[in-house]
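What follows is upload_2.pdb (PDB, C-alpha atoms).
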```pdb
MODEL        1
ATOM      1  CA  THR A   9     -17.891 -25.225  19.078  1.00  0.00           C
ATOM      2  CA  ARG A  10     -14.190 -24.963  18.198  1.00  0.00           C
ATOM      3  CA  LEU A  11     -14.989 -26.354  14.758  1.00  0.00           C
ATOM      4  CA  GLU A  12     -17.812 -23.849  14.408  1.00  0.00           C
ATOM      5  CA  ALA A  13     -15.438 -20.998  15.315  1.00  0.00           C
ATOM      6  CA  GLU A  14     -12.874 -22.217  12.772  1.00  0.00           C
ATOM      7  CA  ALA A  15     -15.570 -22.546  10.115  1.00  0.00           C
ATOM      8  CA  LYS A  16     -16.820 -19.036  10.886  1.00  0.00           C
ATOM      9  CA  GLN A  17     -13.224 -17.712  10.731  1.00  0.00           C
ATOM     10  CA  GLN A  18     -12.660 -19.422   7.374  1.00  0.00           C
ATOM     11  CA  GLU A  19     -15.869 -17.869   6.081  1.00  0.00           C
ATOM     12  CA  LEU A  20     -14.732 -14.405   7.222  1.00  0.00           C
ATOM     13  CA  ASP A  21     -11.282 -14.975   5.716  1.00  0.00           C
ATOM     14  CA  ALA A  22     -12.801 -16.052   2.403  1.00  0.00           C
ATOM     15  CA  LYS A  23     -15.098 -13.017   2.260  1.00  0.00           C
ATOM     16  CA  ASP A  24     -12.284 -10.582   3.108  1.00  0.00           C
ATOM     17  CA  VAL A  25      -9.806 -12.282   0.756  1.00  0.00           C
ATOM     18  CA  ALA A  26     -12.311 -11.916  -2.073  1.00  0.00           C
ATOM     19  CA  GLN A  27     -12.732  -8.194  -1.371  1.00  0.00           C
ATOM     20  CA  PHE A  28      -8.973  -7.717  -1.057  1.00  0.00           C
ATOM     21  CA  GLN A  29      -8.256  -9.563  -4.309  1.00  0.00           C
ATOM     22  CA  GLU A  30     -10.883  -7.434  -6.013  1.00  0.00           C
ATOM     23  CA  LEU A  31      -9.148  -4.154  -5.112  1.00  0.00           C
ATOM     24  CA  MET A  32      -5.549  -5.216  -5.738  1.00  0.00           C
ATOM     25  CA  PRO A  33      -5.480  -5.037  -9.568  1.00  0.00           C
ATOM     26  CA  GLU A  34      -6.782  -1.464  -9.611  1.00  0.00           C
ATOM     27  CA  ALA A  35      -4.453  -0.423  -6.770  1.00  0.00           C
ATOM     28  CA  THR A  36      -1.526  -1.910  -8.677  1.00  0.00           C
ATOM     29  CA  GLU A  37      -2.601  -0.277 -11.943  1.00  0.00           C
ATOM     30  CA  LYS A  38      -3.045   3.179 -10.412  1.00  0.00           C
ATOM     31  CA  THR A  39       0.277   3.003  -8.573  1.00  0.00           C
ATOM     32  CA  ASN A  40       2.118   1.817 -11.685  1.00  0.00           C
ATOM     33  CA  ALA A  41       0.465   4.519 -13.810  1.00  0.00           C
ATOM     34  CA  ALA A  42       1.622   7.176 -11.347  1.00  0.00           C
ATOM     35  CA  GLU A  43       5.186   5.815 -11.356  1.00  0.00           C
ATOM     36  CA  ASP A  44       5.176   5.648 -15.164  1.00  0.00           C
ATOM     37  CA  SER A  45       3.995   9.248 -15.482  1.00  0.00           C
ATOM     38  CA  VAL A  46       6.777  10.430 -13.160  1.00  0.00           C
ATOM     39  CA  GLU A  47       9.299   8.483 -15.237  1.00  0.00           C
ATOM     40  CA  LYS A  48       7.920  10.099 -18.396  1.00  0.00           C
ATOM     41  CA  ALA A  49       8.326  13.562 -16.847  1.00  0.00           C
ATOM     42  CA  SER A  50      11.872  12.682 -15.839  1.00  0.00           C
ATOM     43  CA  ILE A  51      12.735  11.530 -19.356  1.00  0.00           C
ATOM     44  CA  THR A  52      11.124  14.648 -20.812  1.00  0.00           C
ATOM     45  CA  MET A  53      13.368  16.781 -18.602  1.00  0.00           C
ATOM     46  CA  GLU A  54      16.392  15.166 -20.194  1.00  0.00           C
ATOM     47  CA  MET A  55      15.343  16.894 -23.440  1.00  0.00           C
ATOM     48  CA  ILE A  56      16.376  20.189 -21.877  1.00  0.00           C
ATOM     49  CA  ALA A  57      19.963  19.086 -21.342  1.00  0.00           C
ATOM     50  CA  ALA A  58      20.083  17.393 -24.734  1.00  0.00           C
ATOM     51  CA  ALA A  59      18.964  20.610 -26.462  1.00  0.00           C
ATOM     52  CA  GLY A  60      22.182  22.392 -25.472  1.00  0.00           C
ATOM     53  CA  ASP A  61      22.098  26.006 -26.666  1.00  0.00           C
ATOM     54  CA  ASN A  62      19.137  25.535 -29.022  1.00  0.00           C
ATOM     55  CA  MET A  63      16.695  27.814 -27.179  1.00  0.00           C
ATOM     56  CA  ASP A  64      13.637  26.653 -29.146  1.00  0.00           C
ATOM     57  CA  GLU A  65      14.320  23.049 -28.148  1.00  0.00           C
ATOM     58  CA  VAL A  66      15.101  24.046 -24.562  1.00  0.00           C
ATOM     59  CA  LEU A  67      11.808  25.934 -24.264  1.00  0.00           C
ATOM     60  CA  ARG A  68       9.939  23.026 -25.819  1.00  0.00           C
ATOM     61  CA  GLY A  69      11.596  20.720 -23.278  1.00  0.00           C
ATOM     62  CA  VAL A  70      10.629  23.042 -20.414  1.00  0.00           C
ATOM     63  CA  ASN A  71       7.016  23.209 -21.614  1.00  0.00           C
ATOM     64  CA  GLU A  72       6.752  19.457 -22.132  1.00  0.00           C
ATOM     65  CA  THR A  73       8.402  18.704 -18.787  1.00  0.00           C
ATOM     66  CA  GLU A  74       6.026  21.091 -17.045  1.00  0.00           C
ATOM     67  CA  ALA A  75       3.005  19.430 -18.677  1.00  0.00           C
ATOM     68  CA  ALA A  76       4.307  15.929 -17.891  1.00  0.00           C
ATOM     69  CA  ALA A  77       4.969  16.931 -14.263  1.00  0.00           C
ATOM     70  CA  LYS A  78       1.394  18.225 -13.903  1.00  0.00           C
ATOM     71  CA  GLN A  79       0.050  14.983 -15.360  1.00  0.00           C
ATOM     72  CA  ALA A  80       2.273  12.944 -13.042  1.00  0.00           C
ATOM     73  CA  GLN A  81       1.085  14.932 -10.019  1.00  0.00           C
ATOM     74  CA  ALA A  82      -2.528  14.279 -11.022  1.00  0.00           C
ATOM     75  CA  SER A  83      -1.800  10.539 -11.367  1.00  0.00           C
ATOM     76  CA  ILE A  84      -0.159  10.435  -7.950  1.00  0.00           C
ATOM     77  CA  GLY A  85      -3.108  12.299  -6.439  1.00  0.00           C
ATOM     78  CA  GLU A  86      -5.617   9.952  -8.033  1.00  0.00           C
ATOM     79  CA  ALA A  87      -3.724   6.888  -6.808  1.00  0.00           C
ATOM     80  CA  ARG A  88      -3.436   8.309  -3.282  1.00  0.00           C
ATOM     81  CA  ILE A  89      -7.156   9.019  -3.099  1.00  0.00           C
ATOM     82  CA  PHE A  90      -7.912   5.497  -4.293  1.00  0.00           C
ATOM     83  CA  LEU A  91      -5.496   3.882  -1.824  1.00  0.00           C
ATOM     84  CA  ASN A  92      -6.780   5.965   1.093  1.00  0.00           C
ATOM     85  CA  ALA A  93     -10.348   4.924   0.322  1.00  0.00           C
ATOM     86  CA  LYS A  94      -9.304   1.280   0.101  1.00  0.00           C
ATOM     87  CA  GLN A  95      -7.374   1.524   3.370  1.00  0.00           C
ATOM     88  CA  ALA A  96     -10.564   2.705   5.039  1.00  0.00           C
ATOM     89  CA  ALA A  97     -12.438  -0.263   3.546  1.00  0.00           C
ATOM     90  CA  VAL A  98      -9.715  -2.694   4.638  1.00  0.00           C
ATOM     91  CA  ARG A  99      -9.978  -1.462   8.235  1.00  0.00           C
ATOM     92  CA  ARG A 100     -13.520  -2.825   8.247  1.00  0.00           C
ATOM     93  CA  PHE A 101     -12.415  -6.358   7.304  1.00  0.00           C
ATOM     94  CA  GLU A 102     -13.556  -8.826   9.935  1.00  0.00           C
ATOM     95  CA  SER A 103     -10.588 -11.168   9.511  1.00  0.00           C
ATOM     96  CA  GLU A 104      -7.642  -9.714  11.416  1.00  0.00           C
ATOM     97  CA  ARG A 105      -5.131 -11.753   9.405  1.00  0.00           C
ATOM     98  CA  ILE A 106      -6.468 -10.537   6.037  1.00  0.00           C
ATOM     99  CA  ARG A 107      -6.873  -6.980   7.381  1.00  0.00           C
ATOM    100  CA  ASP A 108      -3.191  -6.929   8.413  1.00  0.00           C
ATOM    101  CA  GLN A 109      -2.066  -8.412   5.106  1.00  0.00           C
ATOM    102  CA  ALA A 110      -4.148  -5.947   3.080  1.00  0.00           C
ATOM    103  CA  THR A 111      -2.962  -3.005   5.184  1.00  0.00           C
ATOM    104  CA  ALA A 112       0.657  -4.017   4.594  1.00  0.00           C
ATOM    105  CA  GLU A 113       0.137  -4.342   0.821  1.00  0.00           C
ATOM    106  CA  LEU A 114      -1.569  -0.950   0.603  1.00  0.00           C
ATOM    107  CA  ALA A 115       1.232   0.586   2.681  1.00  0.00           C
ATOM    108  CA  LYS A 116       3.738  -0.690   0.084  1.00  0.00           C
ATOM    109  CA  PHE A 117       1.774   1.090  -2.626  1.00  0.00           C
ATOM    110  CA  GLN A 118       1.694   4.270  -0.527  1.00  0.00           C
ATOM    111  CA  GLN A 119       5.475   4.025  -0.138  1.00  0.00           C
ATOM    112  CA  GLN A 120       5.901   3.634  -3.898  1.00  0.00           C
ATOM    113  CA  LEU A 121       3.787   6.749  -4.415  1.00  0.00           C
ATOM    114  CA  GLN A 122       5.871   8.677  -1.887  1.00  0.00           C
ATOM    115  CA  GLU A 123       9.046   7.702  -3.723  1.00  0.00           C
ATOM    116  CA  ALA A 124       7.482   8.786  -7.016  1.00  0.00           C
ATOM    117  CA  GLN A 125       6.457  12.092  -5.404  1.00  0.00           C
ATOM    118  CA  ASN A 126      10.009  12.653  -4.150  1.00  0.00           C
ATOM    119  CA  LYS A 127      11.331  12.044  -7.658  1.00  0.00           C
ATOM    120  CA  LEU A 128       8.708  14.370  -9.152  1.00  0.00           C
ATOM    121  CA  ASN A 129       9.153  17.331  -6.795  1.00  0.00           C
ATOM    122  CA  PRO A 130      12.327  18.739  -8.423  1.00  0.00           C
ATOM    123  CA  LEU A 131      10.727  18.464 -11.872  1.00  0.00           C
ATOM    124  CA  LYS A 132       7.833  20.693 -10.834  1.00  0.00           C
ATOM    125  CA  ALA A 133      10.186  23.696 -10.620  1.00  0.00           C
ATOM    126  CA  VAL A 134      11.673  23.207 -14.099  1.00  0.00           C
ATOM    127  CA  ARG A 135      10.564  26.616 -15.377  1.00  0.00           C
ATOM    128  CA  GLN A 136      11.950  28.501 -12.353  1.00  0.00           C
ATOM    129  CA  ASP A 137      15.226  26.580 -12.637  1.00  0.00           C
ATOM    130  CA  PHE A 138      15.443  27.426 -16.329  1.00  0.00           C
ATOM    131  CA  GLN A 139      14.730  31.114 -15.668  1.00  0.00           C
ATOM    132  CA  GLN A 140      17.303  31.245 -12.869  1.00  0.00           C
ATOM    133  CA  ARG A 141      19.931  29.653 -15.120  1.00  0.00           C
ATOM    134  CA  GLN A 142      19.121  32.148 -17.873  1.00  0.00           C
ATOM    135  CA  THR A 143      19.438  35.064 -15.450  1.00  0.00           C
ATOM    136  CA  ALA A 144      22.762  33.765 -14.122  1.00  0.00           C
ATOM    137  CA  LYS A 145      24.034  33.276 -17.682  1.00  0.00           C
ATOM    138  CA  HIS A 146      23.137  36.879 -18.575  1.00  0.00           C
ATOM    139  CA  ILE A 147      24.848  38.204 -15.443  1.00  0.00           C
ATOM    140  CA  VAL A 148      28.021  36.255 -16.236  1.00  0.00           C
ATOM    141  CA  GLU A 149      27.983  37.551 -19.821  1.00  0.00           C
ATOM    142  CA  GLU A 150      27.517  41.105 -18.568  1.00  0.00           C
ATOM    143  CA  ILE A 151      30.398  40.789 -16.093  1.00  0.00           C
ATOM    144  CA  LEU A 152      32.659  39.338 -18.763  1.00  0.00           C
ATOM    145  CA  GLU A 153      31.802  42.229 -21.100  1.00  0.00           C
ATOM    146  CA  ARG A 154      32.880  44.683 -18.411  1.00  0.00           C
ATOM    147  CA  LEU A 155      35.994  42.744 -17.418  1.00  0.00           C
ATOM    148  CA  THR A 156      37.423  42.253 -20.900  1.00  0.00           C
ATOM    149  CA  PRO A 157      38.203  45.966 -21.520  1.00  0.00           C
ATOM    150  CA  ALA A 158      39.685  46.222 -18.018  1.00  0.00           C
ATOM    151  CA  GLU A 159      41.941  43.221 -18.708  1.00  0.00           C
ATOM    152  CA  VAL A 160      43.092  44.829 -21.950  1.00  0.00           C
ATOM    153  CA  GLU A 161      43.919  48.050 -20.067  1.00  0.00           C
ATOM    154  CA  CYS A 162      45.874  46.075 -17.441  1.00  0.00           C
ATOM    155  CA  ASP A 163      47.831  44.293 -20.168  1.00  0.00           C
ATOM    156  CA  ARG A 164      48.667  47.664 -21.812  1.00  0.00           C
ATOM    157  CA  ALA A 165      49.753  49.118 -18.521  1.00  0.00           C
ATOM    158  CA  GLU A 166      52.044  46.134 -17.869  1.00  0.00           C
ATOM    159  CA  GLU A 167      53.544  46.412 -21.355  1.00  0.00           C
ATOM    160  CA  ALA A 168      54.101  50.147 -20.937  1.00  0.00           C
ATOM    161  CA  GLN A 169      56.226  49.604 -17.854  1.00  0.00           C
TER     162      GLN A 169
ENDMDL
END
```
Spit out the file's structure as structure tokens when you get a sec.
Amino acid sequence: TRLEAEAKQQELDAKDVAQFQELMPEATEKTNAAEDSVEKASITMEMIAAAGDNMDEVLRGVNETEAAAKQAQASIGEARIFLNAKQAAVRRFESERIRDQATAELAKFQQQLQEAQNKLNPLKAVRQDFQQRQTAKHIVEEILERLTPAEVECDRAEEAQ
């Protein structure tokens, strides 16, 4: 009976291993695609800094970063949905050893997606950041315009003394 139990366990392991191995390539592909799309959005954001004062290039960088960030968010969402569905399927594995192994592997993918999400979050506000920087730049210019004549008057007053 011990041999029968071991044989039954091996059969369960084999069945669950087959199911697990079947889902791993797609889980890996979806996770990698999400990470790649976040990296693309991050690289696209660098265009903004590289554009310097060329407003056309800056706006193009903002628009492209915004689009890349939306695409990255969609990829992360798709991967999360897939992984959550597979985690539910893994919970039904009959082999405890394979269930634990599969759960751990899927948790690693979830962690990778969380890290990608954390990297993506600041990129999603690229337009607001750009607008805030533009507003601050205009305020500084305005203040400098008002201060320059006052500085000239102070210099004249000092010279007159």
Do you know which residues the PyMOL selection byres ((chain A and resi 43) around 8) returns on this file, as a PyMOL selection string? chain A and resi 39-42+44-47+80+84+120-121+124
Starting from 5 Å padding per side, set up an axis-aligned box that covers all listed atoms of segment 71-86 of chain A and hand over centre and edge lengths in Å, one decimal, as lines of an AutoDock Vina configuration file.
```
center_x = 1.4
center_y = 16.6
center_z = -14.3
size_x = 24.0
size_y = 23.3
size_z = 25.7
```
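Our summary of the geometry notes that atom CA of Arg141 of chain A is positioned 20.1 Å from atom CA of Arg154 of chain A.
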Report as a short mmCIF file (atom, residue, chain, number, x, y, z; two decimals) with C-alpha atoms, in the coordinates of the input all protein, DNA and RNA residues lying within 10 Å of segment 64-69 of chain A, evaluated on all atoms listed in the file, omitting residues in the same chain fewer than 4 positions from it.
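out27.cif was written with the following content:
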```cif
data_model
loop_
_atom_site.label_atom_id
_atom_site.label_comp_id
_atom_site.auth_asym_id
_atom_site.auth_seq_id
_atom_site.Cartn_x
_atom_site.Cartn_y
_atom_site.Cartn_z
CA THR A 52 11.12 14.65 -20.81
CA MET A 53 13.37 16.78 -18.60
CA GLU A 54 16.39 15.17 -20.19
CA MET A 55 15.34 16.89 -23.44
CA ILE A 56 16.38 20.19 -21.88
CA ALA A 57 19.96 19.09 -21.34
CA ALA A 58 20.08 17.39 -24.73
CA ALA A 59 18.96 20.61 -26.46
CA GLY A 60 22.18 22.39 -25.47
CA THR A 73 8.40 18.70 -18.79
CA GLU A 74 6.03 21.09 -17.05
CA ALA A 75 3.00 19.43 -18.68
CA VAL A 134 11.67 23.21 -14.10
CA ARG A 135 10.56 26.62 -15.38
CA PHE A 138 15.44 27.43 -16.33
#
```
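The residue that comes closest to Ala115 of chain A, out of A:Glu149, A:Ile51, A:Ala35, A:Thr143 and on the basis of all atoms listed in the file, is A:Ala35.
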In Å, with one decimal, what is the gap from atom CA of Lys127 of chain A to atom CA of Ser50 of chain A?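 Here the two named atoms are 8.2 Å from each other.
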